[in-house]
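What follows is a single structure, written as structure tokens, with notes after it.
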Amino acid sequence: MKELKKLEPLQAATQFISKHYPNCQGALLAGSVVRGEATCTSDLDIVIFDDSLTSSFRESLIEFGWAIEVFAHNLTSYQAFFKSDCKRARPSLPRMISEGIILADKGVMQAIKKEAAQLLEKGPEKWSEEMIKLKRYFLSDALDDLIGSSNTDESLFIANTLAYITHEFVLRTNGHWIGDSKWIVRSLNNYNKSFSKEFVEAFEIFYKTGNKDKVIQLVDKVLEPHGGRLFEGFSLGKERFNQ
């Protein structure tokens, strides 16, 4: 049997909307295909706005030669996701909506896209000094774990944790959104490409050779503006009583 030709992303997404959500108030195509970063395993991320829906849902399916991820919302439910994304400082839905290409619109998409863009521009909530101190302690602790580890297997996973919390610390203390998985490097690039390169090189050297020096230097560089490593004097949950 002759294999069906895979449709172009925009054509496939448009046909998907016409077939499954012809009466929706709005829809857009987002993700890697929109950013020009598609790979052989990329899917189509399609965001739907339909006021007939009672709640949001996510669905994965294959049509028109594509793996398709549907993110469906009514005209208010998406705002809870905006709030949740902003609280965790990973703006997945606002980013999708802001960068997305409109597929269908009954007069709602421009306002929603503007709302998303404004959230992205504002950035995440600023960390308090107390939070910075807490995160500084955890980062110092993970760095000490790596320095002291002589078990190669354990060191790999300590380094994984250290990479994540280092990226989180530098981005949040500088008022930038954080990422997860592939978005860690993308978020670092959005912040500072030179630092991102330094970050990647430090962990790449460790994973390839086991040499920790560049990672240690990197983490100390991140901590230095906030007082360096923190251990002595840190406390959490301790109650003070007058004698």
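Numbering starts fresh at 1 for the residues of each chain in the structure tokens, the chains themselves are lettered A, B, ... in the order given, and ligands are numbered from 1 as they appear.
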Task: Leu28 in chain A surroundings by only C-alpha atoms, 10 Å radius, close-in-sequence under 2 positions cut, as a ChimeraX atom specification - done: /A:10,13-14,17,26,30,45-49,96-105,109
Open item on the list: Need to verify the contact set: Gln25 in chain A, 10 Å, only C-alpha atoms, exclusion of same-chain residues closer than 2 positions in sequence. Can you return it as a PyMOL selection string?
Closed with: chain A and resi 21-23+27+48-52+74-75+104-109
Open item on the list: When DSSP is applied to the backbone of this structure, which of range 18-116 of chain A are assigned strand (DSSP E)? Write them out as JSON, numbers by chain.
Closed with: {"A": [26, 27, 28, 29, 30, 44, 45, 46, 47, 48, 49, 57, 58, 59, 60, 61, 62, 63, 66, 67, 68, 69, 70, 71, 72, 73, 101, 102, 103, 104, 105]}
Include N, CA and C atoms and write out the residues we just selected as a PDB file, in the first residue's frame.
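Dumped to selection_23.pdb:
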```
ATOM      1  N   GLY A  26     -11.437  29.944  18.627  1.00  0.00           N
ATOM      2  CA  GLY A  26     -10.077  30.252  18.199  1.00  0.00           C
ATOM      3  C   GLY A  26      -9.184  29.027  18.277  1.00  0.00           C
ATOM      4  N   ALA A  27      -8.106  29.043  17.489  1.00  0.00           N
ATOM      5  CA  ALA A  27      -7.143  27.949  17.511  1.00  0.00           C
ATOM      6  C   ALA A  27      -5.826  28.454  16.953  1.00  0.00           C
ATOM      7  N   LEU A  28      -4.737  27.855  17.419  1.00  0.00           N
ATOM      8  CA  LEU A  28      -3.439  28.233  16.873  1.00  0.00           C
ATOM      9  C   LEU A  28      -2.484  27.056  16.885  1.00  0.00           C
ATOM     10  N   LEU A  29      -1.485  27.144  16.020  1.00  0.00           N
ATOM     11  CA  LEU A  29      -0.420  26.146  15.918  1.00  0.00           C
ATOM     12  C   LEU A  29       0.814  26.703  16.595  1.00  0.00           C
ATOM     13  N   ALA A  30       1.404  25.922  17.509  1.00  0.00           N
ATOM     14  CA  ALA A  30       2.579  26.384  18.255  1.00  0.00           C
ATOM     15  C   ALA A  30       3.677  25.329  18.205  1.00  0.00           C
ATOM     16  N   LEU A  44       2.793  18.287  16.232  1.00  0.00           N
ATOM     17  CA  LEU A  44       2.076  19.548  16.083  1.00  0.00           C
ATOM     18  C   LEU A  44       1.400  19.876  17.404  1.00  0.00           C
ATOM     19  N   ASP A  45       1.738  21.021  17.969  1.00  0.00           N
ATOM     20  CA  ASP A  45       1.078  21.496  19.187  1.00  0.00           C
ATOM     21  C   ASP A  45      -0.040  22.441  18.766  1.00  0.00           C
ATOM     22  N   ILE A  46      -1.271  22.047  19.039  1.00  0.00           N
ATOM     23  CA  ILE A  46      -2.431  22.847  18.634  1.00  0.00           C
ATOM     24  C   ILE A  46      -3.216  23.245  19.872  1.00  0.00           C
ATOM     25  N   VAL A  47      -3.425  24.556  20.030  1.00  0.00           N
ATOM     26  CA  VAL A  47      -4.170  25.080  21.162  1.00  0.00           C
ATOM     27  C   VAL A  47      -5.556  25.498  20.668  1.00  0.00           C
ATOM     28  N   ILE A  48      -6.591  24.977  21.348  1.00  0.00           N
ATOM     29  CA  ILE A  48      -7.983  25.221  20.971  1.00  0.00           C
ATOM     30  C   ILE A  48      -8.665  26.072  22.036  1.00  0.00           C
ATOM     31  N   PHE A  49      -9.508  27.010  21.604  1.00  0.00           N
ATOM     32  CA  PHE A  49     -10.369  27.767  22.516  1.00  0.00           C
ATOM     33  C   PHE A  49     -11.810  27.579  22.064  1.00  0.00           C
ATOM     34  N   PHE A  57      -8.590  20.228  28.646  1.00  0.00           N
ATOM     35  CA  PHE A  57      -8.054  18.876  28.550  1.00  0.00           C
ATOM     36  C   PHE A  57      -6.912  18.843  27.534  1.00  0.00           C
ATOM     37  N   ARG A  58      -6.138  17.774  27.610  1.00  0.00           N
ATOM     38  CA  ARG A  58      -5.030  17.544  26.682  1.00  0.00           C
ATOM     39  C   ARG A  58      -5.221  16.184  26.031  1.00  0.00           C
ATOM     40  N   GLU A  59      -4.924  16.102  24.752  1.00  0.00           N
ATOM     41  CA  GLU A  59      -5.145  14.858  24.017  1.00  0.00           C
ATOM     42  C   GLU A  59      -4.042  14.653  22.985  1.00  0.00           C
ATOM     43  N   SER A  60      -3.599  13.409  22.835  1.00  0.00           N
ATOM     44  CA  SER A  60      -2.573  13.062  21.851  1.00  0.00           C
ATOM     45  C   SER A  60      -3.148  12.089  20.832  1.00  0.00           C
ATOM     46  N   LEU A  61      -2.918  12.355  19.552  1.00  0.00           N
ATOM     47  CA  LEU A  61      -3.420  11.480  18.498  1.00  0.00           C
ATOM     48  C   LEU A  61      -2.576  11.639  17.237  1.00  0.00           C
ATOM     49  N   ILE A  62      -2.831  10.797  16.260  1.00  0.00           N
ATOM     50  CA  ILE A  62      -2.094  10.848  14.997  1.00  0.00           C
ATOM     51  C   ILE A  62      -3.076  11.015  13.854  1.00  0.00           C
ATOM     52  N   GLU A  63      -2.891  12.083  13.090  1.00  0.00           N
ATOM     53  CA  GLU A  63      -3.713  12.325  11.911  1.00  0.00           C
ATOM     54  C   GLU A  63      -2.911  13.110  10.883  1.00  0.00           C
ATOM     55  N   TRP A  66       0.834  13.197  11.087  1.00  0.00           N
ATOM     56  CA  TRP A  66       1.495  13.878  12.196  1.00  0.00           C
ATOM     57  C   TRP A  66       1.041  13.338  13.554  1.00  0.00           C
ATOM     58  N   ALA A  67       1.975  13.324  14.505  1.00  0.00           N
ATOM     59  CA  ALA A  67       1.590  13.202  15.911  1.00  0.00           C
ATOM     60  C   ALA A  67       1.097  14.581  16.341  1.00  0.00           C
ATOM     61  N   ILE A  68      -0.086  14.633  16.921  1.00  0.00           N
ATOM     62  CA  ILE A  68      -0.702  15.917  17.264  1.00  0.00           C
ATOM     63  C   ILE A  68      -1.004  15.968  18.757  1.00  0.00           C
ATOM     64  N   GLU A  69      -0.565  17.044  19.398  1.00  0.00           N
ATOM     65  CA  GLU A  69      -0.876  17.303  20.809  1.00  0.00           C
ATOM     66  C   GLU A  69      -1.909  18.432  20.852  1.00  0.00           C
ATOM     67  N   VAL A  70      -3.056  18.135  21.406  1.00  0.00           N
ATOM     68  CA  VAL A  70      -4.125  19.128  21.499  1.00  0.00           C
ATOM     69  C   VAL A  70      -4.209  19.644  22.930  1.00  0.00           C
ATOM     70  N   PHE A  71      -4.215  20.956  23.062  1.00  0.00           N
ATOM     71  CA  PHE A  71      -4.393  21.617  24.354  1.00  0.00           C
ATOM     72  C   PHE A  71      -5.689  22.416  24.249  1.00  0.00           C
ATOM     73  N   ALA A  72      -6.755  21.884  24.822  1.00  0.00           N
ATOM     74  CA  ALA A  72      -8.078  22.465  24.625  1.00  0.00           C
ATOM     75  C   ALA A  72      -8.542  23.224  25.869  1.00  0.00           C
ATOM     76  N   HIS A  73      -9.081  24.418  25.636  1.00  0.00           N
ATOM     77  CA  HIS A  73      -9.546  25.280  26.719  1.00  0.00           C
ATOM     78  C   HIS A  73     -10.855  25.950  26.328  1.00  0.00           C
ATOM     79  N   ILE A 101       0.783  30.496  15.579  1.00  0.00           N
ATOM     80  CA  ILE A 101       0.167  30.989  14.346  1.00  0.00           C
ATOM     81  C   ILE A 101      -1.330  30.714  14.411  1.00  0.00           C
ATOM     82  N   ILE A 102      -2.132  31.741  14.229  1.00  0.00           N
ATOM     83  CA  ILE A 102      -3.583  31.604  14.337  1.00  0.00           C
ATOM     84  C   ILE A 102      -4.134  30.767  13.187  1.00  0.00           C
ATOM     85  N   LEU A 103      -4.934  29.770  13.548  1.00  0.00           N
ATOM     86  CA  LEU A 103      -5.581  28.887  12.575  1.00  0.00           C
ATOM     87  C   LEU A 103      -7.051  29.235  12.397  1.00  0.00           C
ATOM     88  N   ALA A 104      -7.663  29.694  13.464  1.00  0.00           N
ATOM     89  CA  ALA A 104      -9.089  30.057  13.436  1.00  0.00           C
ATOM     90  C   ALA A 104      -9.301  31.148  14.475  1.00  0.00           C
ATOM     91  N   ASP A 105     -10.214  32.069  14.170  1.00  0.00           N
ATOM     92  CA  ASP A 105     -10.434  33.165  15.112  1.00  0.00           C
ATOM     93  C   ASP A 105     -11.810  33.791  14.900  1.00  0.00           C
TER      94      ASP A 105
END
```
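Pairwise distance (CA of Ala12 in chain A, CA of Gln118 in chain A) equals 29.4 Å.
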Open item on the list: Going by DSSP on the backbone, which residues of range 119-239 of chain A come out as helix (DSSP H, G or I)? List them as a VMD selection string.
Closed with: chain A and resid 119 to 122 129 to 148 152 to 172 183 to 191 193 to 209 213 to 226
Open item on the list: Can you measure CA of Ile165 in chain A to CA of Arg136 in chain A for me? One decimal in Å is fine.
Closed with: 9.5 Å
TODO: Identify which of the residues A:Asn211, A:Ser194, A:Ser140, A:Gln217 lies closest to Thr161 in chain A, counting only C-alpha atoms when measuring atom-to-atom distances.
DONE: A:Ser140
- [ ] Go ahead and compute the interatomic distance for CA of Gly123 in chain A and CA of Asp43 in chain A, in Å to one decimal.
- [x]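 Computing the Euclidean distance for CA of Gly123 in chain A and CA of Asp43 in chain A yields 27.3 Å.
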Open item on the list: Residues within 12 Å of range 83-95 of chain A, please, as an NGL selection string. Count only C-alpha atoms; anything in the same chain fewer than 4 positions from it doesn't count.
Closed with: :A and (28-32 or 34-35 or 45-48 or 70-73 or 76-79 or 99-101 or 112-127 or 168-169 or 171-173 or 175-181 or 183-184 or 186-187)
Writer output for current selection, N, CA and C atoms, as a short mmCIF file (atom, residue, chain, number, x, y, z; two decimals), in the first residue's frame:
```cif
data_model
loop_
_atom_site.label_atom_id
_atom_site.label_comp_id
_atom_site.auth_asym_id
_atom_site.auth_seq_id
_atom_site.Cartn_x
_atom_site.Cartn_y
_atom_site.Cartn_z
N LEU A 28 -4.74 27.85 17.42
CA LEU A 28 -3.44 28.23 16.87
C LEU A 28 -2.48 27.06 16.89
N LEU A 29 -1.48 27.14 16.02
CA LEU A 29 -0.42 26.15 15.92
C LEU A 29 0.81 26.70 16.59
N ALA A 30 1.40 25.92 17.51
CA ALA A 30 2.58 26.38 18.25
C ALA A 30 3.68 25.33 18.20
N GLY A 31 4.70 25.52 19.02
CA GLY A 31 5.75 24.52 19.14
C GLY A 31 6.90 24.69 18.17
N SER A 32 7.69 23.64 18.04
CA SER A 32 8.94 23.70 17.27
C SER A 32 8.74 23.97 15.79
N VAL A 34 6.65 25.95 14.47
CA VAL A 34 6.45 27.40 14.33
C VAL A 34 7.77 28.15 14.50
N ARG A 35 8.62 27.66 15.41
CA ARG A 35 9.90 28.33 15.66
C ARG A 35 10.96 27.97 14.63
N ASP A 45 1.74 21.02 17.97
CA ASP A 45 1.08 21.50 19.19
C ASP A 45 -0.04 22.44 18.77
N ILE A 46 -1.27 22.05 19.04
CA ILE A 46 -2.43 22.85 18.63
C ILE A 46 -3.22 23.25 19.87
N VAL A 47 -3.42 24.56 20.03
CA VAL A 47 -4.17 25.08 21.16
C VAL A 47 -5.56 25.50 20.67
N ILE A 48 -6.59 24.98 21.35
CA ILE A 48 -7.98 25.22 20.97
C ILE A 48 -8.67 26.07 22.04
N VAL A 70 -3.06 18.14 21.41
CA VAL A 70 -4.13 19.13 21.50
C VAL A 70 -4.21 19.64 22.93
N PHE A 71 -4.22 20.96 23.06
CA PHE A 71 -4.39 21.62 24.35
C PHE A 71 -5.69 22.42 24.25
N ALA A 72 -6.75 21.88 24.82
CA ALA A 72 -8.08 22.46 24.63
C ALA A 72 -8.54 23.22 25.87
N HIS A 73 -9.08 24.42 25.64
CA HIS A 73 -9.55 25.28 26.72
C HIS A 73 -10.85 25.95 26.33
N THR A 76 -12.11 30.83 29.54
CA THR A 76 -11.59 31.27 30.84
C THR A 76 -10.64 30.26 31.47
N SER A 77 -10.77 28.99 31.13
CA SER A 77 -9.99 27.95 31.81
C SER A 77 -8.49 28.10 31.59
N TYR A 78 -8.08 28.67 30.48
CA TYR A 78 -6.66 28.82 30.19
C TYR A 78 -5.97 29.71 31.22
N GLN A 79 -6.73 30.62 31.86
CA GLN A 79 -6.13 31.57 32.79
C GLN A 79 -5.58 30.88 34.03
N GLU A 99 3.63 32.76 20.69
CA GLU A 99 4.37 32.51 19.46
C GLU A 99 3.52 31.82 18.39
N GLY A 100 2.33 31.36 18.76
CA GLY A 100 1.53 30.53 17.86
C GLY A 100 0.99 31.26 16.64
N ILE A 101 0.78 30.50 15.58
CA ILE A 101 0.17 30.99 14.35
C ILE A 101 -1.33 30.71 14.41
N ILE A 112 -6.18 37.25 23.67
CA ILE A 112 -5.52 36.17 24.42
C ILE A 112 -4.02 36.17 24.14
N LYS A 113 -3.64 36.38 22.89
CA LYS A 113 -2.22 36.45 22.55
C LYS A 113 -1.55 37.64 23.25
N LYS A 114 -2.25 38.76 23.33
CA LYS A 114 -1.70 39.93 24.02
C LYS A 114 -1.50 39.65 25.50
N GLU A 115 -2.47 38.97 26.10
CA GLU A 115 -2.39 38.60 27.51
C GLU A 115 -1.17 37.72 27.76
N ALA A 116 -0.95 36.75 26.86
CA ALA A 116 0.19 35.85 26.99
C ALA A 116 1.51 36.61 26.83
N ALA A 117 1.57 37.48 25.85
CA ALA A 117 2.80 38.25 25.59
C ALA A 117 3.15 39.14 26.77
N GLN A 118 2.14 39.73 27.40
CA GLN A 118 2.38 40.61 28.54
C GLN A 118 2.92 39.83 29.73
N LEU A 119 2.44 38.61 29.94
CA LEU A 119 2.95 37.77 31.01
C LEU A 119 4.41 37.41 30.77
N LEU A 120 4.72 37.06 29.54
CA LEU A 120 6.10 36.70 29.20
C LEU A 120 7.04 37.89 29.40
N GLU A 121 6.58 39.05 28.99
CA GLU A 121 7.40 40.25 29.11
C GLU A 121 7.62 40.62 30.57
N LYS A 122 6.62 40.43 31.40
CA LYS A 122 6.71 40.78 32.83
C LYS A 122 7.74 39.91 33.54
N GLY A 123 7.84 38.65 33.15
CA GLY A 123 8.76 37.74 33.81
C GLY A 123 8.16 37.14 35.06
N PRO A 124 8.87 36.19 35.68
CA PRO A 124 8.34 35.53 36.88
C PRO A 124 8.41 36.43 38.10
N GLU A 125 7.68 36.03 39.13
CA GLU A 125 7.70 36.77 40.39
C GLU A 125 9.11 36.77 40.97
N LYS A 126 9.52 37.90 41.49
CA LYS A 126 10.87 38.04 42.04
C LYS A 126 11.03 37.21 43.30
N TRP A 127 12.17 36.52 43.41
CA TRP A 127 12.46 35.77 44.63
C TRP A 127 12.72 36.71 45.80
N GLU A 168 18.29 27.15 37.51
CA GLU A 168 17.17 27.80 38.18
C GLU A 168 17.64 29.01 38.98
N PHE A 169 18.73 28.86 39.70
CA PHE A 169 19.22 29.93 40.57
C PHE A 169 19.64 31.15 39.76
N LEU A 171 18.82 32.02 36.69
CA LEU A 171 17.72 32.66 35.97
C LEU A 171 16.76 33.38 36.90
N ARG A 172 16.38 32.76 38.00
CA ARG A 172 15.41 33.38 38.90
C ARG A 172 16.01 34.61 39.59
N THR A 173 17.28 34.55 39.96
CA THR A 173 17.88 35.71 40.62
C THR A 173 18.10 36.85 39.63
N GLY A 175 15.66 37.43 37.24
CA GLY A 175 14.33 37.79 36.75
C GLY A 175 13.92 37.14 35.45
N HIS A 176 14.46 35.94 35.14
CA HIS A 176 14.14 35.26 33.89
C HIS A 176 13.38 33.97 34.15
N TRP A 177 12.63 33.56 33.12
CA TRP A 177 11.91 32.29 33.17
C TRP A 177 12.89 31.13 33.14
N ILE A 178 12.54 30.04 33.84
CA ILE A 178 13.36 28.84 33.82
C ILE A 178 12.80 27.85 32.80
N GLY A 179 13.48 26.71 32.65
CA GLY A 179 13.03 25.70 31.70
C GLY A 179 13.10 24.31 32.29
N ASP A 180 12.74 23.34 31.47
CA ASP A 180 12.82 21.94 31.86
C ASP A 180 13.23 21.17 30.61
N SER A 181 14.01 20.09 30.79
CA SER A 181 14.46 19.29 29.67
C SER A 181 15.19 20.18 28.65
N TRP A 183 14.32 22.82 27.35
CA TRP A 183 14.10 24.24 27.60
C TRP A 183 15.06 24.82 28.63
N ILE A 184 15.86 23.98 29.30
CA ILE A 184 16.88 24.51 30.21
C ILE A 184 17.89 25.33 29.41
N ARG A 186 17.56 26.40 26.29
CA ARG A 186 16.88 27.48 25.57
C ARG A 186 16.64 28.68 26.49
N SER A 187 16.28 28.40 27.73
CA SER A 187 16.04 29.49 28.68
C SER A 187 17.35 30.20 29.03
#
```
TODO: Please identify all polymer residues within 12 Å of Lys135 in chain A, counting only C-alpha atoms, omitting same-chain residues fewer than 5 positions from it, and present them as a PyMOL selection string.
DONE: chain A and resi 127-130+140-142+162+164-170+172-173+222-223+226+228-231+234+236
